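Trainee: Structure in structure tokens, see below.
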2 protein chains.
Amino acid sequence: MQDKRPTEAEMAILGVLWAQGPNTVRAVHGVLEPERSIGYTTVLKLLQIMLDKGLVRRDTAQRSHVYEAAVDRTAIQEALVGDLTDKAFGGSTASLVMRALSPERASAEEIAEVRAWLDGLENGGDA
Amino acid sequence: MQDKRPTEAEMAILGVLWAQGPNTVRAVHGVLEPERSIGYTTVLKLLQIMLDKGLVRRDTAQRSHVYEAAVDRTAIQEALVGDLTDKAFGGSTASLVMRALSPERASAEEIAEVRAWLDGLENGGDA
DNA sequence: AGTTGTCAACGAAGAGTTTCGTACTTCGTT
DNA sequence: AACGAAGTACGAAACTCTTCGTTGACAACT
């Protein structure tokens, strides 16, 4: 099973799979190598470990196995944000958000985006 | 020097030092032990490592050394949030914030708090 | 002076992460 | 059939993080 909370390298791979959908090892490596200079077998090994942990699934029908993310992006993001909230912000989500949105870190556009989203929340009411 | 980004155990200790000010090893251990059941020498060792990394300072005038945080809480929080933004949200602060504030994670009070803070930002204008 | 308690220092073990090299397999080309 | 390219599997090394046991110093008390 998977205990949530992918490591840093695992997140990089999940990022590719979430963005591009199912991919072969070679394709994932192709995306990661330029920005991270990582070996092909390293990516392969990581994917095998992630398979073990249940973070990815794979289709071995072809010689080149095709991997796809087996965890929900939103769920992982929530777990990671929750973690950081507890570890560094005493459990206060509001503190974390204010720190994230401090004008040194966030652009005016991003702040406006959040603002608009909050307005939508109020009206829509959510599910 | 320090390369920013304390580990999990280090953050727990920094949390104590930030909240309570300078403290002896025994005092830090006293706070942490109940919630984390950690040995005294473990805390000591951690503090020594953190001293090496420049995360804390210490006063050795007395037999019981007194440690204090040597890094700014806000700066660390920003570094950690920035990290998570890059690793899990494709660099989009707005995405992170929306995930953090999703009504499943954040209370209505926290959302209201952020909203009020955003209103203040708009008027105050900031630097 | 001897005993007991408190403390810092050190070393080392165990777990988890990341990284590849090497070996073996499979397929297509010659 | 032999060769080379492309793949997977495996094992192990190097790191980091966390944890604690042990040792030796110092102090306080009797």
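Within each chain, counting starts at residue 1; across the structure tokens, chains are named A, B, ... in the order shown, with ligands numbered 1 upward in that order.
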With only C-alpha atoms (C1' of nucleotides) considered, list every residue of chain B at most 12 Å from chain D, as a ChimeraX atom specification.
Mentor: /B:6-10,37-46,49,62-64
Trainee: Would you mind exporting all heavy atoms of the selected residues as a compact mmCIF listing (two decimals), in the first residue's frame?
Mentor:
# COMPACT_ATOMS: atom_id res chain seq x y z
N PRO B 6 15.15 23.50 7.14
CA PRO B 6 15.33 22.55 8.24
C PRO B 6 14.57 21.27 7.95
O PRO B 6 13.55 21.28 7.25
CB PRO B 6 14.69 23.29 9.43
CG PRO B 6 14.57 24.71 9.01
CD PRO B 6 14.46 24.72 7.54
N THR B 7 15.05 20.17 8.53
CA THR B 7 14.33 18.91 8.39
C THR B 7 13.14 18.92 9.35
O THR B 7 12.95 19.86 10.12
CB THR B 7 15.25 17.74 8.75
OG1 THR B 7 15.57 17.83 10.14
CG2 THR B 7 16.52 17.78 7.93
N GLU B 8 12.42 17.82 9.34
CA GLU B 8 11.22 17.73 10.14
C GLU B 8 11.52 17.84 11.64
O GLU B 8 10.88 18.62 12.36
CB GLU B 8 10.51 16.41 9.83
CG GLU B 8 9.11 16.36 10.36
CD GLU B 8 8.28 15.29 9.65
OE1 GLU B 8 8.67 14.87 8.54
OE2 GLU B 8 7.26 14.88 10.22
N ALA B 9 12.49 17.07 12.10
CA ALA B 9 12.84 17.10 13.52
C ALA B 9 13.39 18.47 13.90
O ALA B 9 13.15 18.97 15.00
CB ALA B 9 13.87 16.01 13.82
N GLU B 10 14.13 19.06 13.00
CA GLU B 10 14.68 20.38 13.27
C GLU B 10 13.57 21.43 13.40
O GLU B 10 13.64 22.33 14.24
CB GLU B 10 15.67 20.78 12.17
CG GLU B 10 16.97 19.99 12.23
CD GLU B 10 17.83 20.16 11.00
OE1 GLU B 10 17.37 20.73 9.99
OE2 GLU B 10 18.99 19.71 11.02
N SER B 37 7.79 11.60 22.27
CA SER B 37 8.58 10.58 22.95
C SER B 37 9.95 10.41 22.30
O SER B 37 10.23 9.46 21.59
CB SER B 37 7.84 9.25 23.01
OG SER B 37 7.87 8.58 21.79
N ILE B 38 10.78 11.35 22.61
CA ILE B 38 12.11 11.42 22.02
C ILE B 38 13.12 11.49 23.16
O ILE B 38 12.84 12.08 24.19
CB ILE B 38 12.19 12.67 21.12
CG1 ILE B 38 13.49 12.69 20.31
CG2 ILE B 38 12.05 13.94 21.94
CD1 ILE B 38 13.55 13.87 19.36
N GLY B 39 14.27 10.85 22.97
CA GLY B 39 15.26 10.82 24.04
C GLY B 39 15.98 12.14 24.25
O GLY B 39 16.05 12.96 23.32
N TYR B 40 16.48 12.31 25.44
CA TYR B 40 17.19 13.55 25.75
C TYR B 40 18.40 13.74 24.85
O TYR B 40 18.64 14.81 24.29
CB TYR B 40 17.63 13.54 27.23
CG TYR B 40 18.55 14.67 27.58
CD1 TYR B 40 18.04 15.91 27.98
CD2 TYR B 40 19.94 14.54 27.48
CE1 TYR B 40 18.89 16.96 28.29
CE2 TYR B 40 20.78 15.59 27.78
CZ TYR B 40 20.27 16.80 28.18
OH TYR B 40 21.10 17.83 28.48
N THR B 41 19.18 12.69 24.71
CA THR B 41 20.40 12.83 23.91
C THR B 41 20.09 13.06 22.43
O THR B 41 20.89 13.62 21.71
CB THR B 41 21.32 11.60 24.06
OG1 THR B 41 20.60 10.43 23.73
CG2 THR B 41 21.85 11.51 25.47
N THR B 42 18.94 12.61 22.03
CA THR B 42 18.54 12.86 20.65
C THR B 42 18.34 14.36 20.42
O THR B 42 18.81 14.92 19.44
CB THR B 42 17.23 12.11 20.32
OG1 THR B 42 17.43 10.73 20.57
CG2 THR B 42 16.84 12.32 18.88
N VAL B 43 17.66 14.98 21.36
CA VAL B 43 17.45 16.42 21.25
C VAL B 43 18.79 17.16 21.30
O VAL B 43 19.04 18.08 20.52
CB VAL B 43 16.53 16.93 22.39
CG1 VAL B 43 16.42 18.45 22.36
CG2 VAL B 43 15.17 16.28 22.28
N LEU B 44 19.64 16.72 22.19
CA LEU B 44 20.96 17.33 22.30
C LEU B 44 21.72 17.23 20.98
O LEU B 44 22.26 18.21 20.47
CB LEU B 44 21.76 16.64 23.41
CG LEU B 44 23.23 17.02 23.53
CD1 LEU B 44 23.39 18.49 23.85
CD2 LEU B 44 23.94 16.16 24.56
N LYS B 45 21.73 16.02 20.44
CA LYS B 45 22.45 15.81 19.19
C LYS B 45 21.87 16.69 18.07
O LYS B 45 22.61 17.29 17.30
CB LYS B 45 22.36 14.33 18.80
CG LYS B 45 23.06 13.98 17.50
CD LYS B 45 24.56 14.19 17.59
CE LYS B 45 25.30 13.41 16.53
NZ LYS B 45 26.76 13.58 16.65
N LEU B 46 20.57 16.74 18.01
CA LEU B 46 19.91 17.56 17.00
C LEU B 46 20.35 19.02 17.14
O LEU B 46 20.68 19.68 16.15
CB LEU B 46 18.40 17.46 17.17
CG LEU B 46 17.49 16.77 16.16
CD1 LEU B 46 18.18 16.49 14.86
CD2 LEU B 46 16.91 15.51 16.74
N ILE B 49 23.80 19.48 15.85
CA ILE B 49 23.82 19.49 14.38
C ILE B 49 23.30 20.83 13.86
O ILE B 49 23.85 21.42 12.93
CB ILE B 49 22.95 18.34 13.84
CG1 ILE B 49 23.63 16.99 14.13
CG2 ILE B 49 22.72 18.50 12.34
CD1 ILE B 49 22.77 15.78 13.82
N GLN B 62 27.03 29.03 31.07
CA GLN B 62 26.67 28.13 32.17
C GLN B 62 26.94 26.68 31.75
O GLN B 62 27.10 26.40 30.56
CB GLN B 62 25.17 28.26 32.50
CG GLN B 62 24.72 29.67 32.75
CD GLN B 62 25.52 30.34 33.86
OE1 GLN B 62 26.10 31.40 33.67
NE2 GLN B 62 25.58 29.68 35.02
N ARG B 63 26.92 25.84 32.74
CA ARG B 63 27.14 24.42 32.43
C ARG B 63 26.04 23.92 31.50
O ARG B 63 26.31 23.18 30.55
CB ARG B 63 27.16 23.59 33.71
CG ARG B 63 27.53 22.15 33.44
CD ARG B 63 28.13 21.50 34.67
NE ARG B 63 27.10 20.92 35.52
CZ ARG B 63 26.78 19.62 35.47
NH1 ARG B 63 27.39 18.80 34.64
NH2 ARG B 63 25.85 19.14 36.25
N SER B 64 24.80 24.32 31.77
CA SER B 64 23.71 23.97 30.86
C SER B 64 23.67 25.00 29.75
O SER B 64 23.30 26.15 29.97
CB SER B 64 22.37 23.99 31.60
OG SER B 64 22.33 22.99 32.57
Trainee: Given only C-alpha atoms (C1' of nucleotides), how would the per-residue table for chain C near chain B read, listing every residue at most 12 Å away with its closest atom pair and distance in Å to one decimal, sorted by chain and number, as JSON lines?
Mentor:
{"residue": "C:DT6", "atom": "C1'", "partner": "B:Ser64", "partner_atom": "CA", "distance": 9.0}
{"residue": "C:DC7", "atom": "C1'", "partner": "B:Ser64", "partner_atom": "CA", "distance": 6.7}
{"residue": "C:DA8", "atom": "C1'", "partner": "B:Leu44", "partner_atom": "CA", "distance": 8.2}
{"residue": "C:DA9", "atom": "C1'", "partner": "B:Lys45", "partner_atom": "CA", "distance": 9.0}
{"residue": "C:DC10", "atom": "C1'", "partner": "B:Lys45", "partner_atom": "CA", "distance": 9.6}
{"residue": "C:DG11", "atom": "C1'", "partner": "B:Lys45", "partner_atom": "CA", "distance": 11.5}
Trainee: Given the choices B:Leu55, B:Met98, B:Thr60, B:Gly90, which gets closest to Arg73 (chain B) if the distance is worked out from only C-alpha atoms?
Mentor: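 Of B:Leu55, B:Met98, B:Thr60, B:Gly90, the one nearest Arg73 (chain B) is B:Leu55, counting only C-alpha atoms.
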Trainee: Could you list, as JSON, numbers by chain, every residue of chain A that has an atom within 7 Å of an atom of chain B, counting only C-alpha atoms?
Mentor: {"A": [11, 12, 77, 78, 81, 87, 88, 93, 94, 97, 98, 99, 100, 106, 110, 113, 114]}
Trainee: Any chance you could export the current selection's C-alpha atoms as a short mmCIF file (atom, residue, chain, number, x, y, z; two decimals), in the first residue's frame?
Mentor:
data_model
loop_
_atom_site.label_atom_id
_atom_site.label_comp_id
_atom_site.auth_asym_id
_atom_site.auth_seq_id
_atom_site.Cartn_x
_atom_site.Cartn_y
_atom_site.Cartn_z
CA MET A 11 7.03 14.16 -7.05
CA ALA A 12 9.05 15.15 -10.09
CA GLN A 77 -1.42 18.14 -2.75
CA GLU A 78 -3.76 18.25 0.21
CA VAL A 81 -0.10 21.17 2.32
CA LYS A 87 5.12 21.37 10.73
CA ALA A 88 5.78 25.02 10.03
CA THR A 93 -3.91 27.21 7.34
CA ALA A 94 -4.56 30.94 7.35
CA VAL A 97 -1.83 31.20 3.05
CA MET A 98 -0.85 34.66 4.18
CA ARG A 99 2.79 33.75 4.01
CA ALA A 100 2.34 32.28 0.55
CA ALA A 106 3.05 36.22 -5.05
CA GLU A 110 -1.96 35.47 -8.43
CA GLU A 113 -6.80 35.00 -8.94
CA VAL A 114 -7.21 33.89 -5.35
#
Trainee: What parts of chain A does DSSP call alpha helix (DSSP H)? I'd like the answer as JSON, numbers by chain.
Mentor: {"A": [8, 9, 10, 11, 12, 13, 14, 15, 16, 17, 18, 19, 20, 25, 26, 27, 28, 29, 30, 31, 32, 33, 34, 35, 36, 40, 41, 42, 43, 44, 45, 46, 47, 48, 49, 50, 51, 52, 53, 73, 74, 75, 76, 77, 78, 79, 80, 81, 82, 83, 84, 85, 86, 87, 88, 93, 94, 95, 96, 97, 98, 99, 100, 101, 108, 109, 110, 111, 112, 113, 114, 115, 116, 117, 118, 119, 120, 121, 122, 123, 124]}
Trainee: Write down as a ChimeraX atom specification the residues of chain A whose backbone DSSP state falls under strand (DSSP E or B).
Mentor: /A:23-24,56-59,66-69
Trainee: Those same residues, written as a compact mmCIF listing (two decimals), in the first residue's frame with C-alpha atoms?
Mentor:
# COMPACT_ATOMS: atom_id res chain seq x y z
CA ASN A 23 4.22 7.43 -20.40
CA THR A 24 7.11 5.08 -20.97
CA VAL A 56 1.97 4.33 -10.06
CA ARG A 57 0.45 1.56 -12.13
CA ARG A 58 1.98 0.04 -15.23
CA ASP A 59 0.97 -1.72 -18.36
CA VAL A 66 3.81 2.24 -19.76
CA TYR A 67 3.46 3.88 -16.38
CA GLU A 68 0.64 6.04 -15.14
CA ALA A 69 -0.03 7.81 -11.88
Trainee: Work out how far C1' of DG21 (chain C) is from CA of Leu32 (chain A), in Å to one decimal.
Mentor: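 If I compute the distance from CA of Leu32 (chain A) to C1' of DG21 (chain C), I get 20.4 Å.
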